[in-house]
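Scroll down for the structure; my scribbles are underneath it.
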2 protein chains.
Amino acid sequence: MSGSRPFANALELLRGAGLRPTRQRLALARLLFDKGDRHVTAEQLHGEAVAATVPVSLATVYNTLHQFIGAGLLREVVVNPGRSYFDTNVSDHHHFFIEESGKLVDIPGGDIAVANVPEPPAGTAIRRVDVIIRVEREPV
Amino acid sequence: MSGSRPFANALELLRGAGLRPTRQRLALARLLFDKGDRHVTAEQLHGEAVAATVPVSLATVYNTLHQFIGAGLLREVVVNPGRSYFDTNVSDHHHFFIEESGKLVDIPGGDIAVANVPEPPAGTAIRRVDVIIRVEREPV
DNA sequence: CGGTCCTTTAGAACAATTCTAATCTATTGA
DNA sequence: TCAATAGATTAGAATTGTTCTAAAGGACCG
């Protein structure tokens, strides 16, 4: 067997999500999921696709990212106003955010514990708990 | 009455922050700090100022908000790409975020505990831990 | 008061994202 | 296999939130 990834190939993954396996979606899926856990911006991913000579517009990159989110294949991480990160790791986990470089680093879900979460406001239910640990270059 | 606020009036607060007490800054400080803890966007605050017939431009609202953050009077909360919230509560606490309405609700710092925070990446130090609990309208 | 430096301003510029309407393509079923 | 159709992609415009710019205004010190 081959690794823990549930979908060995992009085609199967798209089928499972009910998305037509177009050339663009296949290429984006491979870029996203073939190299382990990643945090990318739309611009970055578009750049990678273009570099790989896959003809794809930025609009399609955004469309695809949102469809992948809808299908549960991707998660959006909000750390900065005015820029979204897309995380290929959809398991329970949190993040370090390194402000200087704009980089995200995973914290495995088991490593961290959020205790005494109070009752959510009346009429609402918890959808997700996000923990962002903002770090800065250590002062010498 | 005096209440618990350390700065009874906007003038003193600005002086303490080393900011010239201009008409705009005084008015914005009052709008922000005279009604208890608030979460506002720049647009909202600008709207309130205009409604109160304080002549102030949106650029000045942004400038002022950032100066207040620099002075530790305000905190920025990032929950949504493309929109910043400014929180007048700078004590240790976290937030519920109600997605449908875009509203933030404070969770007092003592109520919640983040345990087993792992070592930050090499060369970095923790600046802040943000916990955002995203909630949605409860399915009936 | 006058000079200096800080503030404010309108509007332009900018960056990320979404929208639009036209074109293209995967799929389906004859 | 092919045509019809529903869905996908596209370039470029539009939108949104925020920052910048250069000029005019205001606070403060002497």
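Order determines the names: the first chain of the structure tokens is A, the second B, and so forth; residues in each chain are numbered 1 upward, and ligands are numbered 1 upward as they are shown.
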Problem set entry | Exercise answer, chain A residues close to chain B, 12 Å and only C-alpha atoms, as a PyMOL selection string | chain A and resi 41+76-86+94-101+103-140
Got a sec to pull out which chain D residues are within 8 Å of chain B, counting only C-alpha atoms (C1' of nucleotides), and send them as a compact mmCIF listing (two decimals) with N, CA and C atoms (P, O5', C5', C4', C3', O3' and C1' of nucleotides), in the first residue's frame?
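Final output, saved to result_20.txt:
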# COMPACT_ATOMS: atom_id res chain seq x y z
P DT D 16 -18.59 46.53 -3.51
O5' DT D 16 -17.45 46.10 -2.48
C5' DT D 16 -16.91 44.78 -2.53
C4' DT D 16 -15.76 44.71 -1.56
C3' DT D 16 -15.80 45.77 -0.46
O3' DT D 16 -15.56 45.15 0.78
C1' DT D 16 -13.73 45.85 -1.62
P DG D 17 -15.70 46.00 2.15
O5' DG D 17 -14.19 46.13 2.61
C5' DG D 17 -13.44 44.96 2.88
C4' DG D 17 -11.99 45.35 3.02
C3' DG D 17 -11.72 46.41 4.09
O3' DG D 17 -10.65 45.93 4.90
C1' DG D 17 -10.77 47.06 2.00
P DA D 27 -5.99 72.40 16.80
O5' DA D 27 -4.56 71.99 17.36
C5' DA D 27 -4.23 70.61 17.50
C4' DA D 27 -2.82 70.48 18.04
C3' DA D 27 -2.60 71.17 19.38
O3' DA D 27 -1.77 70.32 20.15
C1' DA D 27 -1.13 72.09 17.74
List every residue of chain C that has an atom at most 10 Å from any atom of chain A, and for each one report the closest atom pair and its distance in Å to one decimal, counting only C-alpha atoms (C1' of nucleotides), with rows sorted by chain and then by increasing residue number, as CSV.
residue,atom,partner,partner_atom,distance
C:DA15,C1',A:Gly82,CA,7.9
C:DA16,C1',A:Gly82,CA,6.2
C:DT17,C1',A:Tyr62,CA,8.2
C:DT18,C1',A:Ala59,CA,8.3
C:DC19,C1',A:Ala59,CA,9.9
C:DT25,C1',A:Thr22,CA,8.4
C:DA26,C1',A:Arg20,CA,7.3
C:DT27,C1',A:Arg20,CA,9.2
How would chain B read as a tab-separated table (two decimals) with C-alpha atoms, in the first residue's frame after a least-squares superposition onto chain A over every Cα atom, matched in order?
chain	number	residue	atom	x	y	z
B	1	MET	CA	4.02	2.97	-3.29
B	2	SER	CA	0.96	3.93	-1.84
B	3	GLY	CA	1.41	5.88	1.29
B	4	SER	CA	-1.33	6.85	3.62
B	5	ARG	CA	-3.19	9.26	1.45
B	6	PRO	CA	-6.71	8.02	1.01
B	7	PHE	CA	-6.84	9.06	-2.62
B	8	ALA	CA	-3.90	7.82	-4.55
B	9	ASN	CA	-4.62	9.96	-7.52
B	10	ALA	CA	-6.20	13.22	-8.42
B	11	LEU	CA	-8.81	11.65	-10.67
B	12	GLU	CA	-10.31	9.58	-7.93
B	13	LEU	CA	-10.22	12.52	-5.57
B	14	LEU	CA	-12.16	14.74	-7.95
B	15	ARG	CA	-14.67	12.02	-8.72
B	16	GLY	CA	-15.25	11.52	-5.04
B	17	ALA	CA	-15.97	15.22	-4.69
B	18	GLY	CA	-18.39	15.19	-7.61
B	19	LEU	CA	-16.19	17.51	-9.64
B	20	ARG	CA	-15.50	16.96	-13.32
B	21	PRO	CA	-11.87	16.04	-13.77
B	22	THR	CA	-10.78	18.87	-16.02
B	23	ARG	CA	-7.19	19.46	-16.93
B	24	GLN	CA	-7.01	22.46	-14.58
B	25	ARG	CA	-8.54	20.75	-11.60
B	26	LEU	CA	-6.39	17.69	-12.05
B	27	ALA	CA	-3.25	19.76	-12.19
B	28	LEU	CA	-4.19	21.87	-9.17
B	29	ALA	CA	-5.13	18.78	-7.18
B	30	ARG	CA	-1.75	17.25	-7.91
B	31	LEU	CA	0.11	20.40	-6.97
B	32	LEU	CA	-1.83	20.61	-3.74
B	33	PHE	CA	-1.95	17.02	-2.59
B	34	ASP	CA	1.08	15.28	-4.02
B	35	LYS	CA	3.64	16.76	-1.67
B	36	GLY	CA	2.30	16.29	1.81
B	37	ASP	CA	0.75	19.03	3.90
B	38	ARG	CA	0.91	22.47	2.42
B	39	HIS	CA	-0.18	26.02	3.10
B	40	VAL	CA	-0.54	28.02	-0.07
B	41	THR	CA	-2.06	31.24	-1.24
B	42	ALA	CA	-4.04	31.45	-4.46
B	43	GLU	CA	-1.28	33.47	-6.10
B	44	GLN	CA	1.35	30.94	-5.11
B	45	LEU	CA	-0.61	28.04	-6.47
B	46	HIS	CA	-1.31	29.90	-9.67
B	47	GLY	CA	2.38	30.61	-10.01
B	48	GLU	CA	3.22	26.95	-9.55
B	49	ALA	CA	0.68	25.92	-12.14
B	50	VAL	CA	1.98	28.41	-14.66
B	51	ALA	CA	5.53	27.30	-13.94
B	52	ALA	CA	4.41	23.74	-14.64
B	53	THR	CA	3.01	24.98	-17.95
B	54	VAL	CA	-0.55	24.22	-16.98
B	55	PRO	CA	-2.74	26.82	-18.62
B	56	VAL	CA	-4.98	28.08	-15.84
B	57	SER	CA	-6.32	31.48	-14.90
B	58	LEU	CA	-6.25	32.96	-11.44
B	59	ALA	CA	-10.05	32.98	-11.42
B	60	THR	CA	-10.06	29.23	-11.92
B	61	VAL	CA	-7.56	28.79	-9.12
B	62	TYR	CA	-9.91	30.64	-6.79
B	63	ASN	CA	-12.93	28.70	-8.05
B	64	THR	CA	-11.15	25.43	-7.58
B	65	LEU	CA	-9.85	26.25	-4.13
B	66	HIS	CA	-13.35	27.08	-2.99
B	67	GLN	CA	-14.78	23.94	-4.51
B	68	PHE	CA	-12.13	21.91	-2.72
B	69	ILE	CA	-13.04	23.63	0.53
B	70	GLY	CA	-16.69	22.81	-0.10
B	71	ALA	CA	-15.72	19.19	-0.65
B	72	GLY	CA	-13.75	19.11	2.59
B	73	LEU	CA	-10.44	18.59	0.83
B	74	LEU	CA	-9.01	21.91	1.92
B	75	ARG	CA	-9.30	24.37	4.77
B	76	GLU	CA	-8.95	28.10	4.79
B	77	VAL	CA	-6.71	29.63	7.44
B	78	VAL	CA	-7.16	33.29	8.24
B	79	VAL	CA	-4.15	34.93	9.81
B	80	ASN	CA	-3.74	38.12	7.90
B	81	PRO	CA	-6.24	40.63	6.73
B	82	GLY	CA	-6.24	40.70	2.96
B	83	ARG	CA	-4.71	37.33	2.23
B	84	SER	CA	-6.03	33.80	2.52
B	85	TYR	CA	-4.05	30.65	3.09
B	86	PHE	CA	-5.32	27.28	2.00
B	87	ASP	CA	-4.31	24.29	4.06
B	88	THR	CA	-4.24	20.79	2.60
B	89	ASN	CA	-4.32	19.31	6.08
B	90	VAL	CA	-7.97	19.04	7.07
B	91	SER	CA	-7.46	17.00	10.19
B	92	ASP	CA	-7.82	18.58	13.61
B	93	HIS	CA	-4.81	20.79	14.17
B	94	HIS	CA	-3.66	24.35	14.75
B	95	HIS	CA	-0.93	26.73	13.56
B	96	PHE	CA	2.11	28.74	14.36
B	97	PHE	CA	2.22	31.85	12.25
B	98	ILE	CA	5.63	33.41	11.65
B	99	GLU	CA	4.88	37.03	11.02
B	100	GLU	CA	8.11	38.06	9.33
B	101	SER	CA	7.98	35.40	6.66
B	102	GLY	CA	4.24	34.91	6.45
B	103	LYS	CA	4.73	31.17	6.95
B	104	LEU	CA	2.39	28.77	8.68
B	105	VAL	CA	3.59	25.73	10.60
B	106	ASP	CA	1.25	22.96	11.68
B	107	ILE	CA	0.70	22.03	15.29
B	108	PRO	CA	-0.73	18.55	15.46
B	109	GLY	CA	-4.19	18.48	17.01
B	110	GLY	CA	-3.17	16.15	19.78
B	111	ASP	CA	-0.37	18.40	20.97
B	112	ILE	CA	-2.54	21.22	22.08
B	113	ALA	CA	-5.61	21.29	24.28
B	114	VAL	CA	-8.18	24.01	24.58
B	115	ALA	CA	-9.96	23.54	27.88
B	116	ASN	CA	-12.96	25.19	29.51
B	117	VAL	CA	-14.46	26.38	26.28
B	118	PRO	CA	-17.50	28.32	27.48
B	119	GLU	CA	-21.03	27.98	26.10
B	120	PRO	CA	-21.36	29.67	22.74
B	121	PRO	CA	-23.74	32.62	22.49
B	122	ALA	CA	-27.42	31.69	22.61
B	123	GLY	CA	-28.72	30.17	19.42
B	124	THR	CA	-25.30	29.28	18.06
B	125	ALA	CA	-23.25	26.12	17.87
B	126	ILE	CA	-19.49	25.73	17.62
B	127	ARG	CA	-18.33	25.03	14.12
B	128	ARG	CA	-14.61	25.13	14.65
B	129	VAL	CA	-11.94	26.24	17.07
B	130	ASP	CA	-8.94	27.94	15.56
B	131	VAL	CA	-5.78	28.49	17.54
B	132	ILE	CA	-3.16	30.71	15.96
B	133	ILE	CA	0.09	31.13	17.82
B	134	ARG	CA	1.78	34.21	16.47
B	135	VAL	CA	5.52	34.06	16.76
B	136	GLU	CA	8.25	36.52	15.91
B	137	ARG	CA	11.94	36.18	15.24
B	138	GLU	CA	13.51	35.75	18.60
B	139	PRO	CA	15.20	38.87	19.90
B	140	VAL	CA	18.91	38.07	20.28
Any chance you could list, as a short mmCIF file (atom, residue, chain, number, x, y, z; two decimals) with C-alpha atoms, in the first residue's frame, the residues in region 11-133 of chain A that come up helix (DSSP H, G or I) when DSSP is run on the backbone?
data_model
loop_
_atom_site.label_atom_id
_atom_site.label_comp_id
_atom_site.auth_asym_id
_atom_site.auth_seq_id
_atom_site.Cartn_x
_atom_site.Cartn_y
_atom_site.Cartn_z
CA LEU A 11 -8.81 11.76 -10.72
CA GLU A 12 -10.29 9.65 -7.98
CA LEU A 13 -10.19 12.58 -5.61
CA LEU A 14 -12.15 14.81 -7.97
CA ARG A 15 -14.67 12.08 -8.72
CA GLY A 16 -15.20 11.59 -5.04
CA ARG A 23 -7.26 19.57 -16.98
CA GLN A 24 -7.05 22.55 -14.62
CA ARG A 25 -8.55 20.84 -11.62
CA LEU A 26 -6.42 17.77 -12.09
CA ALA A 27 -3.27 19.84 -12.26
CA LEU A 28 -4.19 21.95 -9.23
CA ALA A 29 -5.12 18.86 -7.24
CA ARG A 30 -1.73 17.32 -8.01
CA LEU A 31 0.12 20.47 -7.07
CA LEU A 32 -1.78 20.66 -3.82
CA PHE A 33 -1.89 17.07 -2.69
CA ALA A 42 -4.00 31.55 -4.50
CA GLU A 43 -1.24 33.57 -6.16
CA GLN A 44 1.39 31.03 -5.20
CA LEU A 45 -0.58 28.12 -6.55
CA HIS A 46 -1.31 29.99 -9.74
CA GLY A 47 2.39 30.71 -10.10
CA GLU A 48 3.22 27.04 -9.66
CA ALA A 49 0.66 26.00 -12.23
CA VAL A 50 1.93 28.51 -14.74
CA ALA A 51 5.50 27.38 -14.06
CA LEU A 58 -6.25 33.06 -11.46
CA ALA A 59 -10.05 33.09 -11.40
CA THR A 60 -10.08 29.34 -11.91
CA VAL A 61 -7.55 28.88 -9.14
CA TYR A 62 -9.90 30.73 -6.79
CA ASN A 63 -12.92 28.79 -8.02
CA THR A 64 -11.13 25.51 -7.58
CA LEU A 65 -9.81 26.33 -4.14
CA HIS A 66 -13.30 27.16 -2.97
CA GLN A 67 -14.74 24.01 -4.48
CA PHE A 68 -12.06 21.99 -2.72
CA ILE A 69 -12.95 23.70 0.53
CA GLY A 70 -16.60 22.89 -0.05
CA GLY A 109 -4.02 18.46 16.94
CA GLY A 110 -2.95 16.11 19.70
CA ASP A 111 -0.18 18.39 20.87
#
